[in-house]
Every structure is written in C-alpha cells, then in structure tokens.
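S.K.: Sharing upload.txt, compact mmCIF, C-alpha atoms:
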# COMPACT_ATOMS: atom_id res chain seq x y z
CA MET A 1 98.94 113.44 26.24
CA VAL A 2 95.47 113.46 27.79
CA HIS A 3 96.75 111.65 30.88
CA LEU A 4 99.68 114.08 31.21
CA HIS A 5 97.33 117.05 30.92
CA LYS A 6 95.08 115.62 33.68
CA LEU A 7 98.14 114.99 35.89
CA LEU A 8 99.38 118.57 35.52
CA LEU A 9 95.91 119.90 36.24
CA THR A 10 95.64 117.78 39.40
CA ILE A 11 99.03 119.05 40.63
CA LEU A 12 98.00 122.66 40.07
CA ILE A 13 94.80 122.09 42.09
CA LEU A 14 96.46 120.24 45.00
CA LEU A 15 99.56 122.44 45.35
CA PRO A 16 97.81 125.35 47.17
CA LEU A 17 96.01 122.89 49.43
CA ALA A 18 99.28 121.17 50.36
CA SER A 19 100.92 124.51 51.12
CA SER A 20 98.02 125.50 53.34
CA PHE A 21 98.16 122.16 55.15
CA LEU A 22 101.89 122.52 55.86
CA GLU A 23 101.41 126.01 57.22
CA ARG A 24 98.60 124.78 59.44
CA SER A 25 100.72 121.83 60.67
CA ASP A 26 103.56 124.19 61.56
CA PHE A 27 101.15 126.38 63.51
CA ILE A 28 99.78 123.38 65.42
CA ASN A 29 103.27 122.12 66.27
CA GLN A 30 104.16 125.50 67.72
CA HIS A 31 100.98 125.92 69.76
CA ASN A 32 100.07 122.45 71.08
CA TRP A 33 100.32 123.14 74.83
CA TRP A 34 99.98 119.45 75.65
CA GLN A 35 103.16 118.65 73.68
CA GLN A 36 105.31 121.41 75.18
CA GLU A 37 107.50 120.87 78.22
CA ALA A 38 106.71 122.84 81.37
CA PRO A 39 109.06 125.72 82.17
CA ALA A 40 112.20 124.45 83.89
CA ASN A 41 112.30 125.07 87.65
CA PRO A 42 115.37 123.74 89.47
CA GLN A 43 113.65 124.02 92.85
CA ILE A 44 110.55 121.89 92.44
CA PHE A 45 109.73 118.60 90.75
CA SER A 46 106.02 118.00 90.40
CA ILE A 47 104.05 114.92 89.44
CA CYS A 48 100.37 114.61 88.74
CA LEU A 49 99.09 111.28 87.47
CA GLY A 50 95.89 111.41 85.50
CA PRO A 51 94.65 113.66 82.68
CA ARG A 52 96.59 116.88 82.15
CA ILE A 53 93.78 119.39 81.72
CA SER A 54 94.38 123.12 81.61
CA THR A 55 92.53 124.77 84.50
CA GLU A 56 92.23 127.97 82.46
CA LEU A 57 90.61 126.05 79.60
CA LEU A 58 88.16 124.38 81.99
CA SER A 59 87.12 127.63 83.62
CA THR A 60 86.62 129.26 80.21
CA THR A 61 84.44 126.36 79.09
CA ALA A 62 82.36 126.53 82.24
CA ALA A 63 81.90 130.28 81.94
CA THR A 64 80.68 130.13 78.33
CA SER A 65 78.28 127.22 78.69
CA ASN A 66 74.95 126.77 80.42
CA SER A 67 75.89 123.45 81.98
CA ASP A 68 76.52 122.80 85.66
CA PHE A 69 80.10 121.70 84.91
CA THR A 70 82.57 122.72 87.63
CA THR A 71 86.30 122.21 88.02
CA THR A 72 87.31 119.92 90.89
CA MET A 73 90.86 120.37 92.12
CA LYS A 74 92.70 117.52 93.81
CA PRO A 75 93.99 118.06 97.35
CA ARG A 76 97.71 118.86 97.24
CA ILE A 77 100.55 117.27 99.17
CA LEU A 78 104.02 118.78 99.55
CA CYS A 79 106.70 116.06 99.56
CA LEU A 80 110.06 116.62 101.34
CA HIS A 81 112.86 114.15 100.61
CA GLY A 82 115.50 112.81 102.97
CA LYS A 83 119.10 113.97 103.26
CA SER A 84 121.27 113.12 100.24
CA GLN A 85 118.22 112.73 98.02
CA SER A 86 116.18 115.00 95.77
CA GLY A 87 112.58 115.45 94.77
CA ALA A 88 113.10 113.25 91.72
CA ILE A 89 114.87 110.52 93.71
CA MET A 90 112.12 110.48 96.33
CA SER A 91 109.47 110.36 93.63
CA ASN A 92 111.08 107.21 92.22
CA LYS A 93 111.73 105.56 95.58
CA ILE A 94 108.19 105.75 96.94
CA GLY A 95 106.99 103.83 93.87
CA GLY A 96 103.72 102.03 94.47
CA ALA A 97 102.69 104.40 97.23
CA LYS A 98 103.07 107.33 94.84
CA ARG A 99 100.91 105.70 92.17
CA LYS A 100 98.06 105.13 94.60
CA LEU A 101 98.37 108.51 96.31
CA ALA A 102 98.51 110.38 93.00
CA LYS A 103 95.12 109.03 91.97
CA ILE A 104 93.55 111.25 94.63
CA TYR A 105 96.22 113.86 95.43
CA ASP A 106 98.54 116.14 93.50
CA LEU A 107 102.09 115.53 94.75
CA ASP A 108 104.74 118.27 94.62
CA PHE A 109 108.33 117.17 95.29
CA LEU A 110 110.54 120.01 96.54
CA ASP A 111 114.35 119.90 96.35
CA GLY A 112 116.30 120.90 99.45
CA PRO A 113 118.23 124.21 99.43
CA ILE A 114 121.69 122.69 99.95
CA LEU A 115 123.33 120.93 97.00
CA GLU A 116 125.71 118.26 98.27
CA ALA A 117 129.11 117.85 96.63
CA SER A 118 129.69 114.66 94.68
CA LYS A 119 132.85 113.15 93.23
CA ASP A 120 130.80 111.36 90.59
CA GLU A 121 129.84 113.90 87.93
CA THR A 122 127.36 111.44 86.39
CA ALA A 123 125.46 110.85 89.64
CA PRO A 124 122.09 112.57 90.16
CA GLN A 125 122.23 115.78 92.18
CA GLN A 126 121.55 115.28 95.87
CA TYR A 127 120.33 117.84 98.39
CA ALA A 128 119.96 118.38 102.12
CA TRP A 129 117.69 120.62 104.18
CA TRP A 130 120.41 121.50 106.72
CA VAL A 131 123.84 120.15 107.65
CA ARG A 132 126.03 119.60 110.71
CA ASN A 133 129.21 121.52 111.40
CA GLU A 134 132.51 120.13 112.66
CA HIS A 135 131.21 120.31 116.24
CA GLY A 136 128.20 118.11 115.48
CA ARG A 137 125.71 120.97 115.62
CA ASP A 138 122.94 121.31 113.06
CA ILE A 139 123.28 124.57 111.14
CA LEU A 140 121.53 126.51 108.34
CA MET A 141 118.12 125.70 109.79
CA GLN A 142 116.80 129.26 109.55
CA GLU A 143 117.79 129.34 105.88
CA CYS A 144 115.99 126.03 105.42
CA PHE A 145 112.74 127.23 107.02
CA ASP A 146 112.83 130.51 105.09
CA TYR A 147 113.47 128.59 101.86
CA VAL A 148 110.50 126.24 102.26
CA LEU A 149 108.15 129.03 103.28
CA ASP A 150 109.29 131.15 100.34
CA GLN A 151 108.91 128.33 97.83
CA THR A 152 105.38 127.56 99.04
CA LYS A 153 104.11 131.07 99.82
CA ASP A 154 101.86 131.24 96.73
CA GLN A 155 100.71 127.63 97.00
CA GLN A 156 97.98 125.97 99.02
CA TYR A 157 98.83 122.52 100.39
CA ASP A 158 96.57 120.22 102.38
CA ALA A 159 99.26 117.90 103.75
CA ILE A 160 103.01 117.37 103.96
CA LEU A 161 104.72 114.04 103.36
CA GLY A 162 108.32 113.75 104.51
CA PHE A 163 111.02 111.09 104.63
CA SER A 164 113.83 111.03 107.20
CA GLN A 165 115.26 114.57 107.50
CA GLY A 166 112.33 115.82 105.41
CA GLY A 167 109.91 114.18 107.83
CA LEU A 168 111.43 115.98 110.81
CA LEU A 169 111.25 119.22 108.82
CA ALA A 170 107.60 118.62 107.93
CA THR A 171 106.66 117.94 111.55
CA ALA A 172 108.61 120.93 112.89
CA LEU A 173 107.14 123.35 110.35
CA VAL A 174 103.58 122.33 111.12
CA SER A 175 103.87 121.85 114.90
CA SER A 176 105.51 125.28 115.26
CA GLY A 177 102.61 126.92 113.46
CA LYS A 178 104.75 128.07 110.52
CA MET A 179 102.45 126.40 107.97
CA PRO A 180 98.94 126.95 109.36
CA GLY A 181 97.01 125.67 106.35
CA ILE A 182 98.28 122.09 106.62
CA LYS A 183 95.70 119.50 107.71
CA ALA A 184 97.90 116.40 107.98
CA VAL A 185 101.53 115.32 108.28
CA LEU A 186 102.78 111.93 107.08
CA THR A 187 106.38 110.84 107.72
CA ALA A 188 108.61 107.77 107.44
CA GLY A 189 111.95 107.17 109.12
CA ALA A 190 111.90 110.67 110.64
CA PRO A 191 113.83 111.16 113.92
CA PHE A 192 113.42 113.68 116.72
CA VAL A 193 116.47 115.97 116.90
CA GLN A 194 116.50 118.24 119.93
CA ASP A 195 118.45 121.24 118.61
CA VAL A 196 116.42 121.35 115.38
CA TRP A 197 113.20 121.17 117.35
CA ASP A 198 114.26 123.84 119.84
CA PHE A 199 115.31 126.18 117.04
CA CYS A 200 112.03 125.78 115.19
CA MET A 201 109.92 126.27 118.31
CA ALA A 202 111.82 129.32 119.57
CA PRO A 203 110.03 132.68 119.22
CA PRO A 204 111.52 135.08 116.66
CA ALA A 205 113.96 137.61 118.10
CA THR A 206 112.57 141.16 118.17
CA THR A 207 113.95 144.31 119.79
CA THR A 208 111.79 147.17 118.50
CA ASP A 209 108.29 146.14 119.60
CA SER A 210 106.50 147.67 122.56
CA VAL A 211 105.57 145.58 125.60
CA GLU A 212 101.99 145.30 124.38
CA GLU A 213 103.09 144.21 120.90
CA GLU A 214 105.44 141.64 122.42
CA GLN A 215 102.62 140.25 124.51
CA ASP A 216 100.30 140.06 121.50
CA LYS A 217 102.96 138.23 119.49
CA GLU A 218 103.52 135.80 122.34
CA VAL A 219 99.81 135.01 122.46
CA ASP A 220 99.71 134.59 118.67
CA LEU A 221 102.73 132.28 118.79
CA LYS A 222 101.20 130.10 121.51
CA THR A 223 97.96 129.88 119.53
CA ALA A 224 99.83 128.97 116.34
CA ILE A 225 101.81 126.25 118.13
CA ALA A 226 98.67 124.85 119.77
CA ASN A 227 96.96 124.67 116.38
CA GLY A 228 100.04 123.09 114.79
CA MET A 229 100.31 120.50 117.54
CA ALA A 230 96.66 119.58 116.99
CA VAL A 231 97.22 118.71 113.31
CA PRO A 232 96.99 114.90 112.87
CA LYS A 233 100.36 113.23 112.24
CA LEU A 234 101.16 109.69 111.13
CA HIS A 235 104.74 108.48 111.61
CA PHE A 236 106.08 105.24 110.10
CA ALA A 237 109.16 103.56 111.60
CA GLY A 238 111.11 100.57 110.27
CA GLU A 239 111.65 97.73 112.72
CA THR A 240 114.99 96.92 111.05
CA ASP A 241 116.06 100.53 110.42
CA ARG A 242 119.81 100.72 111.24
CA PHE A 243 119.94 104.51 110.86
CA ILE A 244 116.84 105.77 112.68
CA PRO A 245 115.78 103.58 115.63
CA VAL A 246 112.10 103.23 116.40
CA ASP A 247 112.45 105.16 119.68
CA TRP A 248 113.76 108.21 117.78
CA VAL A 249 110.62 108.19 115.64
CA GLN A 250 108.53 107.62 118.76
CA ALA A 251 110.10 110.74 120.28
CA LEU A 252 109.08 112.80 117.23
CA CYS A 253 105.60 111.33 117.48
CA ASP A 254 105.39 112.38 121.15
CA GLN A 255 106.90 115.84 120.73
CA GLY A 256 105.03 116.76 117.52
CA GLY A 257 101.57 116.42 119.02
CA ASN A 258 98.56 114.39 117.91
CA GLY A 259 100.77 111.69 116.46
CA GLU A 260 100.37 107.99 115.75
CA LEU A 261 103.29 105.59 115.34
CA VAL A 262 103.02 102.73 112.84
CA LEU A 263 105.71 100.07 112.45
CA HIS A 264 106.70 98.28 109.27
CA GLU A 265 109.08 95.36 108.93
CA LYS A 266 111.58 97.05 106.59
CA GLY A 267 114.55 99.34 107.24
CA HIS A 268 115.22 103.00 106.49
CA MET A 269 112.76 103.46 103.68
CA PHE A 270 109.35 104.83 102.80
CA PRO A 271 106.98 101.84 103.12
CA THR A 272 105.24 100.87 99.90
CA LYS A 273 103.49 97.62 100.77
CA ALA A 274 99.71 97.61 100.46
CA ILE A 275 99.04 97.42 104.21
CA SER A 276 101.11 100.57 104.85
CA VAL A 277 99.81 102.46 101.83
CA ASN A 278 96.21 101.66 102.78
CA LYS A 279 96.92 103.04 106.25
CA MET A 280 98.27 106.24 104.65
CA MET A 281 95.21 106.59 102.44
CA GLU A 282 92.81 106.11 105.33
CA PHE A 283 94.72 108.63 107.46
CA LEU A 284 94.81 111.29 104.74
CA GLN A 285 91.18 110.84 103.72
CA GLU A 286 90.08 111.25 107.33
CA ALA A 287 92.32 114.27 108.01
CA ILE A 288 91.76 116.15 104.74
CA VAL A 289 88.07 116.96 104.71
Show the structure stored in the file as structure tokens.
M.R.:
Amino acid sequence: MVHLHKLLLTILILLPLASSFLERSDFINQHNWWQQEAPANPQIFSICLGPRISTELLSTTAATSNSDFTTTMKPRILCLHGKSQSGAIMSNKIGGAKRKLAKIYDLDFLDGPILEASKDETAPQQYAWWVRNEHGRDILMQECFDYVLDQTKDQQYDAILGFSQGGLLATALVSSGKMPGIKAVLTAGAPFVQDVWDFCMAPPATTTDSVEEEQDKEVDLKTAIANGMAVPKLHFAGETDRFIPVDWVQALCDQGGNGELVLHEKGHMFPTKAISVNKMMEFLQEAIV
C-alpha cells in the first residue's frame, strides 16, 4: 500500500511537467526555422554549402552586443544552364566544381523561361532560354532577356557562370551592358551565334524621344557596352566536343571582349577536373575583388 501511495503521488507530480514539456516540444517543432523548408519557387534553385545562418539573426546579435562581430557575405554567382537542362540538373552535373566553388561563393541556379515538352512524364523538367523556329531562326530572345533581368532585379551578383546556351546568354547579357554589376563571366561549351548576338547588342527601339535624348541614350549605350566588354571572361571549350566546336567558342571569346579561351580534353560538358577547377578559382578570385 505504501509503494502504491508513493507511485500515485509521483504520477500526480510528474503529470503537469509532462504536459508542459509536450506543449513546449510542439512549439519548438512549429518554430524551428532550420528544420523548415524554404518557400517553393519554381523559377530558381539555390545552393549554398556551409552553415545555414540567418542573416537577420546575425545582424540582431551584432547590434545588441559590444563585440566587433560583423557579418561577411559570400560573393554570389548566377548559374545559367544549357538548353534542355534545368538549374537542378546543372547543379548535379557540375559536381566537384560546384563543391569547391560553393566553399567561397553562393551559387544560384536559375531555370530557363521555356519549359520543353517531354513524352516521358517521369523525366525531370527541362528548360531552354530561347528556341529556333521552323526557318532556323532563334526566337523569343527578348522574352529571355526580360525574364533574366526581372528575376535578378532585386539581387546583387558578382559573376555569371553559364553552360552552352546559358554561357552565350551570360556573355551577351554582360557584354551588352545589360547587367552592369557583374565582375566576371565564366562559360563552358558556349558558342557564338550571330543572330542572338546582334539582337542583344542592338539599341532599344524608341520613337518618342527628342534628338538630344536619343543622342544621350546612344552615348549611354556605347558606354555600357564598353564597360561590359571590359569585364573579364573565361571560356572553356572541349577538344572532343561534337556539338560545339572549339572555333565557335573562340568566336564568342573574341566577340565578347576581354576573353580567355581554355581547352579541356573532354566533350560537351562543364569541366570538373582539378586543373580546370583551379583555373576557374584563380580567375574568379582575381576578377572579384
């Protein structure tokens, strides 16, 4: 009887504590920001290797303490995939290069605006930046440029990394002066395509400006292009690439301004061997200062 009395007394004491603990656990499960998934965004796939630390939390800590602690943000790189890929596919394909790059840089992988049709419903979604019509002409380029500029208008990027069609897009956007904050362009397997280049470099059509305003805009455009051409650019080309010959990449290197061509022994792919990745790291560290 004595033991039963002690047992009942123990239960009565512990029951409120257990209830309080369960309520507290439920609150924690609902409010642990590090366990919650980021809001879904079908347009952009981001990766950041390293500790996930809330910038807001860091700034609050710094503001309420007397220490000299400051928040250091990584330089950011916008990554543009090739045709018939996606941000997620590119992220997986660049493998070892991504792991090394992401130690120093935040990488944002943007999906193209055009969803390609697929007969395989189980296959990953694939995108393009622009397409060709039945006459072999590239179309939807203006929509592509507007899309990228709109998706990145509230973001600050230090460099653009592009593969194949995405590499041509990266070079054209920067060389034309459309993305003036970019300090470096890095591409692989990216060809020069004349009609895409001409379209991107053409001045915007205007009919309502005065002669003086037109002249001012022309000067501004020439200055923007000159600045874009001066941005350092590193272009990789595969010696065994059956889709994009080396001379096509060389043409983009020549036309884009301030470019360097680097060969690798593989085909149409983003190089991931140490010698190529080290070259990328050296180029980016020198350009992004």
S.K.: To one decimal place in Å, what is the distance between atom CA of A:Gly162 and atom CA of A:Gln255?
M.R.: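 Atom CA of A:Gln255 lies 16.4 Å from atom CA of A:Gly162.
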S.K.: Would you mind telling me which residue in A:Ile288, A:Leu168, A:Phe283, A:Val277 lies nearest to A:Arg99 when using all atoms listed in the file?
M.R.: A:Val277
S.K.: Please provide the set of residues having any atom within 12 Å of stretch 109-112 of chain A, restricted to all atoms listed in the file, with same-chain residues fewer than 4 positions apart removed, written as a VMD selection string.
M.R.: chain A and resid 41 to 48 76 to 92 94 98 116 125 to 131 140 to 141 143 to 152 160 to 163 165 to 166 169 to 170
S.K.: Looking at A:Cys200, A:Val246, A:Val185, A:Val219, which one is nearest to A:Asn258, with distances taken over all atoms listed in the file?
M.R.: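 Result for the nearest residue to A:Asn258: A:Val185.
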S.K.: At what distance in Å, to one decimal, does atom CA of A:Gln155 lie from atom CA of A:Ile114?
M.R.: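 Going from atom CA of A:Ile114 over to atom CA of A:Gln155, I get 21.8 Å.
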S.K.: Compile the contact shell of A:Met280 as a PyMOL selection string: residues with an atom at most 9 Å away, counting all atoms listed in the file, same-chain residues fewer than 3 positions apart removed.
M.R.: chain A and resi 97+101+186+234+275-277+283-285
S.K.: Enter the distance from atom CA of A:Pro203 to atom CA of A:Glu260, in Å, rounded to one decimal.
M.R.: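 Interatomic distance, atom CA of A:Pro203 to atom CA of A:Glu260: 26.7 Å.
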S.K.: Which polymer residues, whether protein, DNA or RNA, lie within 9 Å of the coordinate (104.9, 118.5, 113.7) when you count only C-alpha atoms? List them as a PyMOL selection string, using the chain letters and numbers from the file.
M.R.: chain A and resi 167-177+185+228-233+252-253+255-259
S.K.: Hey, which of A:Lys100, A:Ser164, A:Phe243, A:Ala159 ends up closest to A:Lys279? Count all atoms listed in the file.
M.R.: A:Lys100
S.K.: I'd like to know which of A:Pro204, A:Gly189, A:Gly181, A:Pro75 is closest to A:Gly238, using all atoms listed in the file.
M.R.: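 Going through A:Pro204, A:Gly189, A:Gly181, A:Pro75 one by one, the smallest distance to A:Gly238 is for A:Gly189.
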S.K.: List as a PDB file with C-alpha atoms, in the coordinates of the input: which residues have an atom within 8 Å of (109.8, 102.0, 114.3), counting all atoms listed in the file?
M.R.:
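Wrote it out as out-v9.pdb, contents follow:
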ATOM      1  CA  GLY A 189     111.950 107.170 109.120  1.00  0.00           C
ATOM      2  CA  PHE A 236     106.080 105.240 110.100  1.00  0.00           C
ATOM      3  CA  ALA A 237     109.160 103.560 111.600  1.00  0.00           C
ATOM      4  CA  GLY A 238     111.110 100.570 110.270  1.00  0.00           C
ATOM      5  CA  GLU A 239     111.650  97.730 112.720  1.00  0.00           C
ATOM      6  CA  THR A 240     114.990  96.920 111.050  1.00  0.00           C
ATOM      7  CA  ASP A 241     116.060 100.530 110.420  1.00  0.00           C
ATOM      8  CA  PRO A 245     115.780 103.580 115.630  1.00  0.00           C
ATOM      9  CA  VAL A 246     112.100 103.230 116.400  1.00  0.00           C
ATOM     10  CA  ASP A 247     112.450 105.160 119.680  1.00  0.00           C
ATOM     11  CA  VAL A 249     110.620 108.190 115.640  1.00  0.00           C
ATOM     12  CA  GLN A 250     108.530 107.620 118.760  1.00  0.00           C
ATOM     13  CA  LEU A 261     103.290 105.590 115.340  1.00  0.00           C
ATOM     14  CA  VAL A 262     103.020 102.730 112.840  1.00  0.00           C
ATOM     15  CA  LEU A 263     105.710 100.070 112.450  1.00  0.00           C
ATOM     16  CA  HIS A 264     106.700  98.280 109.270  1.00  0.00           C
TER      17      HIS A 264
END
S.K.: My list of candidates is A:Asp106, A:Glu121, A:Asp198, A:Asp154. Which is closest to A:Asp138 when distances are computed with all atoms listed in the file?
M.R.: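 The shortest atom-to-atom distance to A:Asp138 comes from A:Asp198.
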S.K.: Using all atoms listed in the file, find the one residue out of A:Gly95, A:Gln142, A:Tyr157, A:Met179 that sits nearest to A:Asp108.
M.R.: A:Tyr157
